[in-house]
Structures are given as C-alpha cells and as structure tokens.
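Shown next: work11.tsv, containing TSV, N, CA and C atoms and all ligand atoms.
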chain	number	residue	atom	x	y	z
A	44	MET	N	-146.71	-2.42	-33.35
A	44	MET	CA	-145.86	-3.30	-34.16
A	44	MET	C	-144.65	-2.55	-34.70
A	45	VAL	N	-144.92	-1.39	-35.28
A	45	VAL	CA	-143.83	-0.60	-35.87
A	45	VAL	C	-142.89	-0.13	-34.76
A	46	VAL	N	-143.49	0.34	-33.65
A	46	VAL	CA	-142.66	0.82	-32.53
A	46	VAL	C	-141.78	-0.31	-32.00
A	47	GLY	N	-142.41	-1.46	-31.85
A	47	GLY	CA	-141.67	-2.62	-31.33
A	47	GLY	C	-140.49	-2.97	-32.23
A	48	TYR	N	-140.67	-2.86	-33.49
A	48	TYR	CA	-139.62	-3.19	-34.44
A	48	TYR	C	-138.47	-2.18	-34.33
A	49	LEU	N	-138.85	-0.91	-34.20
A	49	LEU	CA	-137.83	0.14	-34.11
A	49	LEU	C	-136.99	-0.03	-32.85
A	50	VAL	N	-137.66	-0.27	-31.74
A	50	VAL	CA	-136.94	-0.44	-30.47
A	50	VAL	C	-135.99	-1.63	-30.56
A	51	LYS	N	-136.48	-2.68	-31.15
A	51	LYS	CA	-135.69	-3.90	-31.26
A	51	LYS	C	-134.43	-3.65	-32.11
A	52	SER	N	-134.61	-3.00	-33.23
A	52	SER	CA	-133.47	-2.79	-34.12
A	52	SER	C	-132.48	-1.80	-33.50
A	53	LYS	N	-133.01	-0.82	-32.78
A	53	LYS	CA	-132.12	0.15	-32.14
A	53	LYS	C	-131.29	-0.55	-31.06
A	54	GLY	N	-131.98	-1.40	-30.29
A	54	GLY	CA	-131.28	-2.12	-29.23
A	54	GLY	C	-130.19	-2.99	-29.80
A	55	PHE	N	-130.42	-3.56	-30.94
A	55	PHE	CA	-129.45	-4.44	-31.58
A	55	PHE	C	-128.19	-3.65	-31.95
A	56	VAL	N	-128.42	-2.49	-32.56
A	56	VAL	CA	-127.30	-1.66	-32.98
A	56	VAL	C	-126.49	-1.21	-31.77
A	57	GLU	N	-127.17	-0.77	-30.73
A	57	GLU	CA	-126.47	-0.28	-29.55
A	57	GLU	C	-125.68	-1.41	-28.89
A	58	GLN	N	-126.29	-2.56	-28.83
A	58	GLN	CA	-125.63	-3.68	-28.19
A	58	GLN	C	-124.36	-4.05	-28.96
A	59	MET	N	-124.43	-4.06	-30.26
A	59	MET	CA	-123.28	-4.40	-31.08
A	59	MET	C	-122.12	-3.46	-30.77
A	60	GLY	N	-122.42	-2.15	-30.73
A	60	GLY	CA	-121.38	-1.16	-30.50
A	60	GLY	C	-120.75	-1.31	-29.13
A	61	LYS	N	-121.61	-1.47	-28.14
A	61	LYS	CA	-121.11	-1.54	-26.78
A	61	LYS	C	-120.28	-2.80	-26.55
A	62	VAL	N	-120.77	-3.91	-27.02
A	62	VAL	CA	-120.10	-5.18	-26.76
A	62	VAL	C	-118.76	-5.24	-27.47
A	63	SER	N	-118.74	-4.84	-28.73
A	63	SER	CA	-117.50	-4.98	-29.48
A	63	SER	C	-116.43	-4.01	-29.01
A	64	ALA	N	-116.85	-2.84	-28.54
A	64	ALA	CA	-115.87	-1.83	-28.16
A	64	ALA	C	-115.60	-1.86	-26.66
A	65	GLY	N	-116.56	-2.29	-25.89
A	65	GLY	CA	-116.37	-2.31	-24.45
A	65	GLY	C	-116.67	-0.97	-23.83
A	66	VAL	N	-115.89	0.03	-24.16
A	66	VAL	CA	-116.03	1.33	-23.53
A	66	VAL	C	-116.22	2.40	-24.59
A	67	LYS	N	-116.96	3.42	-24.21
A	67	LYS	CA	-117.15	4.54	-25.13
A	67	LYS	C	-116.27	5.71	-24.73
A	68	CYS	N	-116.01	6.56	-25.68
A	68	CYS	CA	-115.21	7.76	-25.46
A	68	CYS	C	-115.80	8.61	-24.33
A	69	SER	N	-114.93	9.10	-23.45
A	69	SER	CA	-115.41	9.87	-22.30
A	69	SER	C	-115.70	11.32	-22.63
A	70	VAL	N	-115.23	11.78	-23.75
A	70	VAL	CA	-115.38	13.19	-24.09
A	70	VAL	C	-116.86	13.54	-24.23
A	71	THR	N	-117.24	14.64	-23.61
A	71	THR	CA	-118.62	15.06	-23.62
A	71	THR	C	-119.13	15.23	-25.05
A	72	GLY	N	-120.26	14.58	-25.33
A	72	GLY	CA	-120.87	14.71	-26.64
A	72	GLY	C	-120.35	13.73	-27.67
A	73	CYS	N	-119.36	12.93	-27.31
A	73	CYS	CA	-118.79	11.97	-28.25
A	73	CYS	C	-119.28	10.57	-27.91
A	74	ASN	N	-119.69	9.83	-28.92
A	74	ASN	CA	-120.20	8.48	-28.68
A	74	ASN	C	-119.38	7.42	-29.40
A	75	GLU	N	-118.18	7.78	-29.78
A	75	GLU	CA	-117.33	6.83	-30.49
A	75	GLU	C	-116.78	5.78	-29.53
A	76	HIS	N	-116.32	4.69	-30.08
A	76	HIS	CA	-115.73	3.65	-29.25
A	76	HIS	C	-114.36	4.10	-28.78
A	77	ALA	N	-114.08	3.86	-27.50
A	77	ALA	CA	-112.78	4.23	-26.97
A	77	ALA	C	-111.72	3.25	-27.44
A	78	VAL	N	-110.57	3.76	-27.79
A	78	VAL	CA	-109.45	2.90	-28.19
A	78	VAL	C	-108.29	3.02	-27.22
A	79	LYS	N	-108.26	4.13	-26.48
A	79	LYS	CA	-107.16	4.34	-25.55
A	79	LYS	C	-107.71	4.93	-24.27
A	80	SER	N	-107.02	4.68	-23.17
A	80	SER	CA	-107.39	5.34	-21.94
A	80	SER	C	-106.17	6.10	-21.42
A	81	VAL	N	-106.43	7.30	-20.96
A	81	VAL	CA	-105.34	8.12	-20.43
A	81	VAL	C	-105.77	8.63	-19.06
A	82	SER	N	-104.85	9.18	-18.30
A	82	SER	CA	-105.22	9.72	-17.00
A	82	SER	C	-106.06	10.96	-17.22
A	83	LEU	N	-106.93	11.22	-16.25
A	83	LEU	CA	-107.85	12.33	-16.37
A	83	LEU	C	-107.09	13.65	-16.52
A	84	ASN	N	-106.02	13.78	-15.76
A	84	ASN	CA	-105.23	15.01	-15.81
A	84	ASN	C	-104.68	15.27	-17.21
A	85	ARG	N	-104.25	14.20	-17.83
A	85	ARG	CA	-103.67	14.32	-19.16
A	85	ARG	C	-104.72	14.82	-20.14
A	86	ALA	N	-105.91	14.22	-20.05
A	86	ALA	CA	-106.99	14.61	-20.95
A	86	ALA	C	-107.39	16.06	-20.69
A	87	ARG	N	-107.45	16.43	-19.42
A	87	ARG	CA	-107.85	17.79	-19.07
A	87	ARG	C	-106.81	18.80	-19.52
A	88	SER	N	-105.56	18.46	-19.35
A	88	SER	CA	-104.51	19.41	-19.73
A	88	SER	C	-104.46	19.58	-21.24
A	89	ALA	N	-105.05	18.64	-21.95
A	89	ALA	CA	-105.12	18.78	-23.40
A	89	ALA	C	-106.37	19.55	-23.80
A	90	GLY	N	-107.16	19.93	-22.79
A	90	GLY	CA	-108.34	20.74	-23.07
A	90	GLY	C	-109.57	19.93	-23.45
A	91	LEU	N	-109.53	18.62	-23.23
A	91	LEU	CA	-110.68	17.79	-23.56
A	91	LEU	C	-111.69	17.85	-22.42
A	92	GLU	N	-112.95	17.86	-22.81
A	92	GLU	CA	-114.02	17.92	-21.81
A	92	GLU	C	-114.37	16.51	-21.37
A	93	VAL	N	-113.85	16.10	-20.23
A	93	VAL	CA	-114.14	14.76	-19.73
A	93	VAL	C	-114.71	14.85	-18.33
A	94	PRO	N	-115.65	13.98	-17.99
A	94	PRO	CA	-116.25	13.99	-16.66
A	94	PRO	C	-115.28	13.48	-15.60
A	95	GLU	N	-115.60	13.77	-14.34
A	95	GLU	CA	-114.76	13.30	-13.23
A	95	GLU	C	-114.62	11.79	-13.28
A	96	GLY	N	-113.48	11.32	-12.87
A	96	GLY	CA	-113.26	9.88	-12.85
A	96	GLY	C	-111.78	9.61	-12.73
A	97	ARG	N	-111.44	8.35	-12.66
A	97	ARG	CA	-110.04	7.97	-12.51
A	97	ARG	C	-109.31	8.14	-13.83
A	98	ARG	N	-109.95	7.67	-14.91
A	98	ARG	CA	-109.31	7.72	-16.21
A	98	ARG	C	-110.26	8.27	-17.25
A	99	ALA	N	-109.72	8.71	-18.34
A	99	ALA	CA	-110.54	9.18	-19.45
A	99	ALA	C	-110.34	8.21	-20.61
A	100	TYR	N	-111.43	7.81	-21.21
A	100	TYR	CA	-111.35	6.89	-22.34
A	100	TYR	C	-111.56	7.69	-23.61
A	101	LEU	N	-110.68	7.48	-24.57
A	101	LEU	CA	-110.72	8.29	-25.78
A	101	LEU	C	-110.87	7.44	-27.03
A	102	CYS	N	-111.64	7.97	-27.97
A	102	CYS	CA	-111.76	7.32	-29.27
A	102	CYS	C	-110.54	7.71	-30.10
A	103	LYS	N	-110.44	7.13	-31.29
A	103	LYS	CA	-109.31	7.40	-32.17
A	103	LYS	C	-109.12	8.89	-32.40
A	104	VAL	N	-110.22	9.54	-32.73
A	104	VAL	CA	-110.17	10.96	-33.08
A	104	VAL	C	-109.71	11.80	-31.90
A	105	HIS	N	-110.27	11.52	-30.72
A	105	HIS	CA	-109.92	12.35	-29.57
A	105	HIS	C	-108.53	12.02	-29.03
A	106	TYR	N	-108.09	10.81	-29.25
A	106	TYR	CA	-106.75	10.47	-28.82
A	106	TYR	C	-105.73	11.22	-29.68
A	107	LYS	N	-106.04	11.30	-30.98
A	107	LYS	CA	-105.19	12.06	-31.89
A	107	LYS	C	-105.17	13.52	-31.45
A	108	GLU	N	-106.35	14.01	-31.16
A	108	GLU	CA	-106.52	15.39	-30.73
A	108	GLU	C	-105.69	15.65	-29.47
A	109	LEU	N	-105.75	14.72	-28.54
A	109	LEU	CA	-105.02	14.86	-27.29
A	109	LEU	C	-103.51	14.94	-27.56
A	110	LYS	N	-103.03	14.04	-28.39
A	110	LYS	CA	-101.60	14.03	-28.69
A	110	LYS	C	-101.18	15.33	-29.34
A	111	LYS	N	-102.04	15.78	-30.27
A	111	LYS	CA	-101.75	17.01	-30.99
A	111	LYS	C	-101.70	18.19	-30.02
A	112	ARG	N	-102.69	18.27	-29.15
A	112	ARG	CA	-102.77	19.40	-28.23
A	112	ARG	C	-101.66	19.37	-27.20
A	113	LEU	N	-101.29	18.20	-26.72
A	113	LEU	CA	-100.22	18.12	-25.74
A	113	LEU	C	-98.90	18.54	-26.36
A	114	LYS	N	-98.72	18.16	-27.61
A	114	LYS	CA	-97.50	18.53	-28.32
A	114	LYS	C	-97.44	20.05	-28.46
A	115	LYS	N	-98.58	20.61	-28.86
A	115	LYS	CA	-98.67	22.05	-29.05
A	115	LYS	C	-98.35	22.77	-27.75
A	116	GLU	N	-98.93	22.25	-26.66
A	116	GLU	CA	-98.75	22.86	-25.35
A	116	GLU	C	-97.27	22.89	-24.99
A	117	ARG	N	-96.60	21.79	-25.27
A	117	ARG	CA	-95.18	21.68	-24.96
A	117	ARG	C	-94.39	22.73	-25.74
A	118	VAL	N	-94.77	22.90	-26.98
A	118	VAL	CA	-94.09	23.88	-27.82
A	118	VAL	C	-94.31	25.27	-27.25
A	119	ILE	N	-95.54	25.55	-26.88
A	119	ILE	CA	-95.86	26.87	-26.33
A	119	ILE	C	-95.08	27.10	-25.04
A	120	GLU	N	-95.01	26.06	-24.20
A	120	GLU	CA	-94.30	26.18	-22.95
A	120	GLU	C	-92.83	26.50	-23.19
A	121	LYS	N	-92.24	25.80	-24.13
A	121	LYS	CA	-90.86	25.99	-24.47
A	121	LYS	C	-90.65	27.44	-24.92
A	122	TRP	N	-91.57	27.86	-25.74
A	122	TRP	CA	-91.52	29.20	-26.29
A	122	TRP	C	-91.61	30.23	-25.17
A	123	ARG	N	-92.52	29.99	-24.24
A	123	ARG	CA	-92.69	30.90	-23.11
A	123	ARG	C	-91.40	31.03	-22.30
A	124	HIS	N	-90.75	29.89	-22.11
A	124	HIS	CA	-89.53	29.89	-21.31
A	124	HIS	C	-88.43	30.70	-21.99
A	125	THR	N	-88.39	30.59	-23.27
A	125	THR	CA	-87.34	31.32	-24.00
A	125	THR	C	-87.60	32.82	-23.94
A	126	VAL	N	-88.89	33.18	-23.97
A	126	VAL	CA	-89.23	34.60	-23.89
A	126	VAL	C	-89.28	34.98	-22.42
A	201	ZN	ZN	-114.25	10.85	-28.81
How does the structure come out when it is put into structure tokens?
Amino acid sequence: MVVGYLVKSKGFVEQMGKVSAGVKCSVTGCNEHAVKSVSLNRARSAGLEVPEGRRAYLCKVHYKELKKRLKKERVIEKWRHTV
C-alpha cells in the first residue's frame, strides 16, 4: 500500500514536469526543464557536457552559463590575437 502510494505520487510529479516543459536539459547530470535549444557544437565549445545528438537543450541556468562562457571565449580569443 505504502509502496503503491509512493510510486503513484512520484509518477505524478515526473509527469507534470515532463509534460509542462516538454524537453529536459541535455547537460549531463542536469534535470531542469529546457528553455532553449542550441547546436551541439555551440554547447560543446562552451564546455558544456552534452551527449551526441543534433541539438543540445539547455535549461535557464545552463543557457546563461553557455552565453557567459562563449563571451569569455571570445574575449580570450581576441586577447590571444593581440598577443
Ligand atoms: Zn541544465
């Protein structure tokens, strides 16, 4: 009885998350809802750990991270060229 209740409630929670968000973040170890999708190369060049596939789906946090890292990379590249 107790087990049945736990399974049922867990299934409910999981279903809610999946249905409302559609896709989950592709980053390894992250289970947040994806809000943006980017090309795999873009995610990889930002240093995000994403599995093979056509696109990488990112949650809010990882999308921010991606933007931040890509910006940083560009700055470093610029810097390298000057030196
Ligand atoms: Zn994420």
*Give the residues close to ligand ZN 201 (chain A), within 10 Å, counting only C-alpha atoms and all ligand atoms; write them as a PyMOL selection string.*
chain A and resi 67-78+91-93+100-108
*How far is it from CA of Arg123 (chain A) to atom C of Gly90 (chain A), in Å with one decimal?*
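Pair CA of Arg123 (chain A) / atom C of Gly90 (chain A) returns 20.1 Å.
In this comparison, which uses only N, CA and C atoms, the residue of A:His124, A:Lys111, A:Arg98, A:Arg117 approaching Ser82 (chain A) most closely is A:Arg98.
Taking CA of Arg97 (chain A) as the reference point, CA of Lys121 (chain A) is found at 28.9 Å.
Separating CA of Gly96 (chain A) from atom C of Lys79 (chain A) is a distance of 13.6 Å.
For the set A:Leu83, A:Ala89, A:Val66, A:Ala99, the residue with the smallest atom-to-atom gap to Lys114 (chain A) is A:Ala89, counting only C-alpha atoms.
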_Test item, strand (DSSP E or B) assignment across region 53-124 of chain A, answer as JSON, numbers by chain_ = {"A": [67, 76, 79, 80, 81, 82, 98, 99, 100, 101]}
Any chance you could export the current selection's N, CA and C atoms as a PDB file, in the frame of the given file?
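Result went into again.pdb, see below:
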ATOM      1  N   LYS A  67    -116.960   3.420 -24.210  1.00  0.00           N
ATOM      2  CA  LYS A  67    -117.150   4.540 -25.130  1.00  0.00           C
ATOM      3  C   LYS A  67    -116.270   5.710 -24.730  1.00  0.00           C
ATOM      4  N   HIS A  76    -116.320   4.690 -30.080  1.00  0.00           N
ATOM      5  CA  HIS A  76    -115.730   3.650 -29.250  1.00  0.00           C
ATOM      6  C   HIS A  76    -114.360   4.100 -28.780  1.00  0.00           C
ATOM      7  N   LYS A  79    -108.260   4.130 -26.480  1.00  0.00           N
ATOM      8  CA  LYS A  79    -107.160   4.340 -25.550  1.00  0.00           C
ATOM      9  C   LYS A  79    -107.710   4.930 -24.270  1.00  0.00           C
ATOM     10  N   SER A  80    -107.020   4.680 -23.170  1.00  0.00           N
ATOM     11  CA  SER A  80    -107.390   5.340 -21.940  1.00  0.00           C
ATOM     12  C   SER A  80    -106.170   6.100 -21.420  1.00  0.00           C
ATOM     13  N   VAL A  81    -106.430   7.300 -20.960  1.00  0.00           N
ATOM     14  CA  VAL A  81    -105.340   8.120 -20.430  1.00  0.00           C
ATOM     15  C   VAL A  81    -105.770   8.630 -19.060  1.00  0.00           C
ATOM     16  N   SER A  82    -104.850   9.180 -18.300  1.00  0.00           N
ATOM     17  CA  SER A  82    -105.220   9.720 -17.000  1.00  0.00           C
ATOM     18  C   SER A  82    -106.060  10.960 -17.220  1.00  0.00           C
ATOM     19  N   ARG A  98    -109.950   7.670 -14.910  1.00  0.00           N
ATOM     20  CA  ARG A  98    -109.310   7.720 -16.210  1.00  0.00           C
ATOM     21  C   ARG A  98    -110.260   8.270 -17.250  1.00  0.00           C
ATOM     22  N   ALA A  99    -109.720   8.710 -18.340  1.00  0.00           N
ATOM     23  CA  ALA A  99    -110.540   9.180 -19.450  1.00  0.00           C
ATOM     24  C   ALA A  99    -110.340   8.210 -20.610  1.00  0.00           C
ATOM     25  N   TYR A 100    -111.430   7.810 -21.210  1.00  0.00           N
ATOM     26  CA  TYR A 100    -111.350   6.890 -22.340  1.00  0.00           C
ATOM     27  C   TYR A 100    -111.560   7.690 -23.610  1.00  0.00           C
ATOM     28  N   LEU A 101    -110.680   7.480 -24.570  1.00  0.00           N
ATOM     29  CA  LEU A 101    -110.720   8.290 -25.780  1.00  0.00           C
ATOM     30  C   LEU A 101    -110.870   7.440 -27.030  1.00  0.00           C
TER      31      LEU A 101
END
